[in-house]
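Colleague: One file: my_file_23.cif (mmCIF, C-alpha atoms).
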```
data_target
loop_
_atom_site.label_atom_id
_atom_site.label_comp_id
_atom_site.auth_asym_id
_atom_site.auth_seq_id
_atom_site.Cartn_x
_atom_site.Cartn_y
_atom_site.Cartn_z
CA SER Z 1 77.63 163.46 112.04
CA GLN Z 2 75.14 160.62 111.84
CA LYS Z 3 74.60 159.13 108.42
CA ILE Z 4 72.50 156.38 106.89
CA GLU Z 5 73.45 155.37 103.38
CA GLN Z 6 71.73 153.06 100.99
CA ASN Z 7 74.39 152.42 98.45
CA SER Z 8 72.28 151.85 95.38
CA GLU Z 9 69.90 154.49 94.18
CA ALA Z 10 68.35 151.95 91.82
CA LEU Z 11 68.54 148.20 91.31
CA ASN Z 12 67.22 146.26 88.30
CA ILE Z 13 66.87 142.50 88.45
CA GLN Z 14 65.10 139.72 86.61
CA GLU Z 15 62.00 138.07 88.00
CA GLY Z 16 62.85 135.04 90.12
CA LYS Z 17 66.27 136.33 91.19
CA THR Z 18 67.20 137.48 94.69
CA ALA Z 19 67.38 141.23 95.25
CA THR Z 20 69.92 142.37 97.84
CA LEU Z 21 69.80 145.93 99.17
CA THR Z 22 72.41 147.47 101.46
CA CYS Z 23 72.10 149.94 104.31
CA ASN Z 24 75.19 151.34 106.04
CA TYR Z 25 75.25 153.72 108.97
CA THR Z 26 77.84 155.76 110.85
CA ASN Z 27 77.87 157.44 114.25
CA TYR Z 28 74.80 155.58 115.44
CA SER Z 29 74.24 153.08 118.19
CA PRO Z 30 70.90 151.81 116.98
CA ALA Z 31 68.65 149.75 119.17
CA TYR Z 32 66.99 148.40 116.05
CA LEU Z 33 66.86 148.86 112.33
CA GLN Z 34 63.74 148.81 110.20
CA TRP Z 35 62.96 148.34 106.54
CA TYR Z 36 60.03 149.94 104.74
CA ARG Z 37 58.52 149.73 101.30
CA GLN Z 38 57.23 152.86 99.59
CA ASP Z 39 55.17 152.90 96.42
CA PRO Z 40 54.82 156.10 94.37
CA GLY Z 41 52.39 158.54 95.95
CA ARG Z 42 51.99 156.45 99.11
CA GLY Z 43 53.39 156.53 102.62
CA PRO Z 44 56.03 153.99 103.67
CA VAL Z 45 54.81 150.57 104.78
CA PHE Z 46 56.64 148.69 107.52
CA LEU Z 47 58.22 145.39 106.48
CA LEU Z 48 60.69 144.14 109.07
CA LEU Z 49 62.46 145.18 112.25
CA ILE Z 50 65.71 143.67 113.51
CA ARG Z 51 67.17 144.37 116.93
CA GLU Z 52 70.81 144.99 117.74
CA ASN Z 53 71.17 141.57 119.36
CA GLU Z 54 69.70 139.76 116.36
CA LYS Z 55 71.77 138.65 113.38
CA GLU Z 56 68.96 137.71 111.01
CA LYS Z 57 65.21 138.01 110.67
CA ARG Z 58 62.92 136.42 108.10
CA LYS Z 59 59.39 136.98 106.92
CA GLU Z 60 58.10 134.98 103.97
CA ARG Z 61 60.38 135.90 101.03
CA LEU Z 62 62.12 138.66 102.97
CA LYS Z 63 65.31 138.34 104.97
CA VAL Z 64 67.20 141.02 106.89
CA THR Z 65 70.64 140.77 108.43
CA PHE Z 66 72.19 143.20 110.89
CA ASP Z 67 75.92 143.44 111.57
CA THR Z 68 76.62 146.04 114.27
CA THR Z 69 80.37 145.57 113.83
CA LEU Z 70 80.25 146.42 110.15
CA LYS Z 71 77.41 148.89 110.82
CA GLN Z 72 75.47 147.37 107.99
CA SER Z 73 72.14 145.74 107.22
CA LEU Z 74 71.33 143.67 104.16
CA PHE Z 75 67.77 143.26 102.90
CA HIS Z 76 67.02 140.32 100.63
CA ILE Z 77 63.94 139.54 98.56
CA THR Z 78 64.07 135.99 97.25
CA ALA Z 79 62.16 134.75 94.20
CA SER Z 80 61.48 138.37 93.29
CA GLN Z 81 58.33 139.33 91.41
CA PRO Z 82 57.38 142.42 89.36
CA ALA Z 83 55.01 143.32 92.22
CA ASP Z 84 58.08 143.77 94.43
CA SER Z 85 59.06 146.82 92.37
CA ALA Z 86 59.08 149.78 94.76
CA THR Z 87 61.44 151.97 96.76
CA TYR Z 88 62.85 150.34 99.87
CA LEU Z 89 63.95 152.46 102.81
CA CYS Z 90 66.01 151.54 105.83
CA ALA Z 91 65.47 153.48 109.03
CA LEU Z 92 67.10 153.73 112.43
CA ALA Z 93 66.09 154.89 115.86
CA ALA Z 94 69.05 155.64 118.10
CA MET Z 95 69.28 154.04 121.51
CA GLY Z 96 69.43 156.06 124.67
CA THR Z 97 68.63 159.43 123.20
CA GLY Z 98 64.97 159.43 124.13
CA ARG Z 99 64.10 159.94 120.51
CA ARG Z 100 61.39 157.77 119.13
CA ALA Z 101 61.36 159.15 115.60
CA LEU Z 102 63.08 157.34 112.80
CA THR Z 103 65.87 158.59 110.59
CA PHE Z 104 65.64 157.26 107.04
CA GLY Z 105 68.15 156.36 104.41
CA SER Z 106 67.78 157.77 100.92
CA GLY Z 107 66.12 154.62 99.60
CA THR Z 108 66.80 152.10 96.84
CA ARG Z 109 64.41 151.93 93.91
CA LEU Z 110 63.99 148.27 92.95
CA GLN Z 111 62.70 147.32 89.51
CA VAL Z 112 61.94 143.64 88.88
CA GLN Z 113 61.73 142.84 85.19
CA PRO Z 114 59.32 140.09 84.06
CA SER Y 1 48.76 148.28 114.16
CA ALA Y 2 47.25 151.76 114.13
CA VAL Y 3 45.35 153.14 111.16
CA ILE Y 4 45.90 156.78 110.21
CA SER Y 5 43.56 158.94 108.19
CA GLN Y 6 45.40 161.91 106.68
CA LYS Y 7 43.86 164.73 104.72
CA PRO Y 8 43.89 166.42 102.36
CA SER Y 9 45.58 163.94 100.07
CA ARG Y 10 46.75 166.72 97.81
CA ASP Y 11 46.39 170.44 97.32
CA ILE Y 12 47.61 173.20 95.07
CA CYS Y 13 48.12 176.44 96.95
CA GLN Y 14 49.08 179.99 96.16
CA ARG Y 15 52.33 181.29 97.56
CA GLY Y 16 51.93 183.28 100.76
CA THR Y 17 48.95 181.24 101.95
CA SER Y 18 48.79 178.50 104.59
CA LEU Y 19 47.61 174.90 104.52
CA THR Y 20 46.62 172.78 107.49
CA ILE Y 21 47.06 169.02 107.26
CA GLN Y 22 45.14 166.73 109.59
CA CYS Y 23 45.91 163.27 110.90
CA GLN Y 24 43.43 161.14 112.79
CA VAL Y 25 44.56 157.89 114.43
CA ASP Y 26 42.19 155.07 115.33
CA SER Y 27 43.84 154.54 118.73
CA GLN Y 28 45.43 156.69 121.41
CA VAL Y 29 49.12 157.32 120.90
CA THR Y 30 51.61 159.32 122.94
CA MET Y 31 53.71 160.68 120.11
CA MET Y 32 52.94 161.63 116.55
CA PHE Y 33 55.63 162.46 114.06
CA TRP Y 34 55.54 164.76 111.05
CA TYR Y 35 57.84 164.19 108.09
CA ARG Y 36 58.52 165.97 104.83
CA GLN Y 37 59.51 164.17 101.64
CA GLN Y 38 60.77 166.46 98.94
CA PRO Y 39 60.59 165.28 95.32
CA GLY Y 40 62.88 162.32 94.76
CA GLN Y 41 64.17 162.46 98.32
CA SER Y 42 63.77 160.41 101.47
CA LEU Y 43 61.81 161.38 104.55
CA THR Y 44 63.02 164.16 106.85
CA LEU Y 45 61.58 164.57 110.33
CA ILE Y 46 59.98 167.96 110.91
CA ALA Y 47 58.81 167.59 114.49
CA THR Y 48 57.50 165.28 117.19
CA ALA Y 49 54.08 166.16 118.60
CA ASN Y 50 53.23 165.20 122.18
CA GLN Y 51 49.79 165.68 123.62
CA GLY Y 52 49.72 168.43 126.20
CA SER Y 53 53.10 169.94 125.43
CA GLU Y 54 54.87 171.92 122.75
CA ALA Y 55 56.07 170.04 119.72
CA THR Y 56 59.78 169.35 119.43
CA TYR Y 57 61.21 170.63 116.15
CA GLU Y 58 64.23 169.31 114.29
CA SER Y 59 67.06 171.52 113.15
CA GLY Y 60 66.01 173.61 110.20
CA PHE Y 61 62.30 173.62 111.09
CA VAL Y 62 60.66 176.32 113.20
CA ILE Y 63 57.31 176.66 114.88
CA ASP Y 64 56.38 179.87 113.09
CA LYS Y 65 56.65 178.11 109.74
CA PHE Y 66 55.23 174.72 110.77
CA PRO Y 67 52.91 175.18 113.74
CA ILE Y 68 51.60 171.90 115.13
CA SER Y 69 48.57 171.19 117.28
CA ARG Y 70 47.97 168.07 119.34
CA PRO Y 71 44.67 168.57 121.14
CA ASN Y 72 44.22 164.92 122.14
CA LEU Y 73 45.81 161.50 121.87
CA THR Y 74 44.26 160.62 118.48
CA PHE Y 75 44.61 163.81 116.46
CA SER Y 76 47.23 166.27 115.22
CA THR Y 77 47.53 169.00 112.65
CA LEU Y 78 50.52 170.47 110.85
CA THR Y 79 50.22 173.89 109.22
CA VAL Y 80 52.56 174.98 106.47
CA SER Y 81 52.56 178.77 106.75
CA ASN Y 82 53.38 181.54 104.31
CA MET Y 83 54.10 178.99 101.62
CA SER Y 84 56.65 179.32 98.86
CA PRO Y 85 57.36 176.96 95.95
CA GLU Y 86 60.19 175.43 98.03
CA ASP Y 87 57.53 174.01 100.35
CA SER Y 88 56.20 171.79 97.58
CA SER Y 89 56.61 168.32 99.05
CA ILE Y 90 54.77 165.35 100.42
CA TYR Y 91 53.97 165.73 104.10
CA LEU Y 92 53.42 162.60 106.18
CA CYS Y 93 52.34 161.89 109.72
CA SER Y 94 53.39 158.77 111.56
CA VAL Y 95 52.87 156.93 114.82
CA GLY Y 96 54.85 154.16 116.45
CA THR Y 97 55.98 152.81 119.78
CA GLY Y 98 59.66 152.36 119.02
CA ASN Y 99 60.32 148.66 119.05
CA HIS Y 100 57.60 147.88 116.54
CA GLY Y 101 57.06 149.16 113.06
CA TYR Y 102 55.74 152.63 112.50
CA THR Y 103 52.55 153.42 110.65
CA PHE Y 104 52.33 156.28 108.19
CA GLY Y 105 49.48 158.27 106.81
CA SER Y 106 48.97 158.20 103.06
CA GLY Y 107 50.58 161.62 102.72
CA THR Y 108 49.59 165.09 101.56
CA ARG Y 109 51.06 166.12 98.24
CA LEU Y 110 51.45 169.90 98.36
CA THR Y 111 52.18 172.01 95.30
CA VAL Y 112 52.80 175.72 95.80
CA VAL Y 113 52.39 177.93 92.76
#
```
Take the structure in the file and give it back as structure tokens.

Modeller:
Amino acid sequence: SQKIEQNSEALNIQEGKTATLTCNYTNYSPAYLQWYRQDPGRGPVFLLLIRENEKEKRKERLKVTFDTTLKQSLFHITASQPADSATYLCALAAMGTGRRALTFGSGTRLQVQP
Amino acid sequence: SAVISQKPSRDICQRGTSLTIQCQVDSQVTMMFWYRQQPGQSLTLIATANQGSEATYESGFVIDKFPISRPNLTFSTLTVSNMSPEDSSIYLCSVGTGNHGYTFGSGTRLTVV
């Protein structure tokens, strides 16, 4: 069956360090992978999308990598700040199935300590 | 990107009753998606709502329990019927075109007592 796993339920780091979150998937052939941020009591907010033919994508302090051989994406936040504390979700939409909805991983709760 | 207005933002309901959640989008969209997020869990897709056709439900979700309306390209409702405490969750609507990011409503926090 198809699975998306975010290995860490929670991650605590010090302000200024780089946070690295992992997303692994099985039995998918994703056209693209997306990362979202979710704050308590709010809906997810889109951060970055990376396509299957892209290795890396950057946006300000965020960087995403996508390895379709390893079936893994890494999400990095450099120079982390307490305001980055939130739950981060990876999501996939499978290619060729006609589905447009996303399937989400379980999320990683990031806490950045000042 | 689209802006979604979702309401109510929260409600406390008696078991056995029904609640209808509304989502209004500021632009026309082909598909709208409804998700459930149970406490401490990630998002699970309930159904995909297309204008002019029946919604497509995911495994474990049925139309009698979660009827959906999609009267036009900017609006959809999800009803949670005959509620039980197990239905206590956050319900979210979403729109997106596939190769761009998806936009979510702010969610409806439902508590069934």

Colleague: Take the PyMOL selection byres ((chain Z) within 6 of (chain Y)), run it mentally on this structure, and tell me the resulting residues as a list of chain:residue names.

Modeller: Z:Arg42, Z:Gly43, Z:Phe46, Z:Arg100, Z:Ser106

Colleague: Could you take the residues named above and write them with C-alpha atoms, as a PDB file, in the coordinates of the input?

Modeller:
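In the end it all went to again.pdb:
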```pdb
ATOM      1  CA  ARG Z  42      51.990 156.450  99.110  1.00  0.00           C
ATOM      2  CA  GLY Z  43      53.390 156.530 102.620  1.00  0.00           C
ATOM      3  CA  PHE Z  46      56.640 148.690 107.520  1.00  0.00           C
ATOM      4  CA  ARG Z 100      61.390 157.770 119.130  1.00  0.00           C
ATOM      5  CA  SER Z 106      67.780 157.770 100.920  1.00  0.00           C
TER       6      SER Z 106
END
```

Colleague: Run through the PyMOL selection byres ((chain Y and resi 110) around 12) on the given coordinates and return the selected residues as a PDB file with C-alpha atoms, in the frame of the given file.

Modeller:
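Contents of out-v2.pdb, as written:
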```pdb
ATOM      1  CA  GLY Z  41      52.390 158.540  95.950  1.00  0.00           C
TER       2      GLY Z  41
ATOM      3  CA  LYS Y   7      43.860 164.730 104.720  1.00  0.00           C
ATOM      4  CA  PRO Y   8      43.890 166.420 102.360  1.00  0.00           C
ATOM      5  CA  SER Y   9      45.580 163.940 100.070  1.00  0.00           C
ATOM      6  CA  ARG Y  10      46.750 166.720  97.810  1.00  0.00           C
ATOM      7  CA  ASP Y  11      46.390 170.440  97.320  1.00  0.00           C
ATOM      8  CA  ILE Y  12      47.610 173.200  95.070  1.00  0.00           C
ATOM      9  CA  CYS Y  13      48.120 176.440  96.950  1.00  0.00           C
ATOM     10  CA  GLN Y  14      49.080 179.990  96.160  1.00  0.00           C
ATOM     11  CA  ARG Y  15      52.330 181.290  97.560  1.00  0.00           C
ATOM     12  CA  SER Y  18      48.790 178.500 104.590  1.00  0.00           C
ATOM     13  CA  LEU Y  19      47.610 174.900 104.520  1.00  0.00           C
ATOM     14  CA  THR Y  20      46.620 172.780 107.490  1.00  0.00           C
ATOM     15  CA  ILE Y  21      47.060 169.020 107.260  1.00  0.00           C
ATOM     16  CA  ARG Y  36      58.520 165.970 104.830  1.00  0.00           C
ATOM     17  CA  GLN Y  37      59.510 164.170 101.640  1.00  0.00           C
ATOM     18  CA  GLN Y  38      60.770 166.460  98.940  1.00  0.00           C
ATOM     19  CA  PRO Y  39      60.590 165.280  95.320  1.00  0.00           C
ATOM     20  CA  THR Y  79      50.220 173.890 109.220  1.00  0.00           C
ATOM     21  CA  VAL Y  80      52.560 174.980 106.470  1.00  0.00           C
ATOM     22  CA  MET Y  83      54.100 178.990 101.620  1.00  0.00           C
ATOM     23  CA  SER Y  84      56.650 179.320  98.860  1.00  0.00           C
ATOM     24  CA  PRO Y  85      57.360 176.960  95.950  1.00  0.00           C
ATOM     25  CA  GLU Y  86      60.190 175.430  98.030  1.00  0.00           C
ATOM     26  CA  ASP Y  87      57.530 174.010 100.350  1.00  0.00           C
ATOM     27  CA  SER Y  88      56.200 171.790  97.580  1.00  0.00           C
ATOM     28  CA  SER Y  89      56.610 168.320  99.050  1.00  0.00           C
ATOM     29  CA  ILE Y  90      54.770 165.350 100.420  1.00  0.00           C
ATOM     30  CA  TYR Y  91      53.970 165.730 104.100  1.00  0.00           C
ATOM     31  CA  LEU Y  92      53.420 162.600 106.180  1.00  0.00           C
ATOM     32  CA  GLY Y 107      50.580 161.620 102.720  1.00  0.00           C
ATOM     33  CA  THR Y 108      49.590 165.090 101.560  1.00  0.00           C
ATOM     34  CA  ARG Y 109      51.060 166.120  98.240  1.00  0.00           C
ATOM     35  CA  THR Y 111      52.180 172.010  95.300  1.00  0.00           C
ATOM     36  CA  VAL Y 112      52.800 175.720  95.800  1.00  0.00           C
ATOM     37  CA  VAL Y 113      52.390 177.930  92.760  1.00  0.00           C
TER      38      VAL Y 113
END
```

Colleague: Please write as a list of chain:residue names the list of polymer residues whose atoms come within 10 Å of (50.9, 168.3, 128.6), counting all atoms listed in the file and keeping to the coordinates of the file.

Modeller: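 Final list of nearby residues, as requested, is Y:Asn50, Y:Gln51, Y:Gly52, Y:Ser53, Y:Glu54, Y:Arg70, Y:Pro71, Y:Asn72.
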
Colleague: For this file, the PyMOL selection byres ((chain Z and resi 17) around 10) selects which residues, as an MDAnalysis selection string?

Modeller: chainID Z and resid 13:16 18:20 77:81 112:113

Colleague: Select, from Z:Ala10, Z:Thr65, Z:Thr103, Z:Arg37, the residue with the minimum atom-to-atom distance to Asp84 of chain Z, counting all atoms listed in the file.

Modeller: Z:Arg37

Colleague: Select, from Y:Val3, Y:Leu73, Y:Cys23, Y:Ile46, the residue with the minimum atom-to-atom distance to Gly60 of chain Y, counting all atoms listed in the file.

Modeller: Y:Ile46
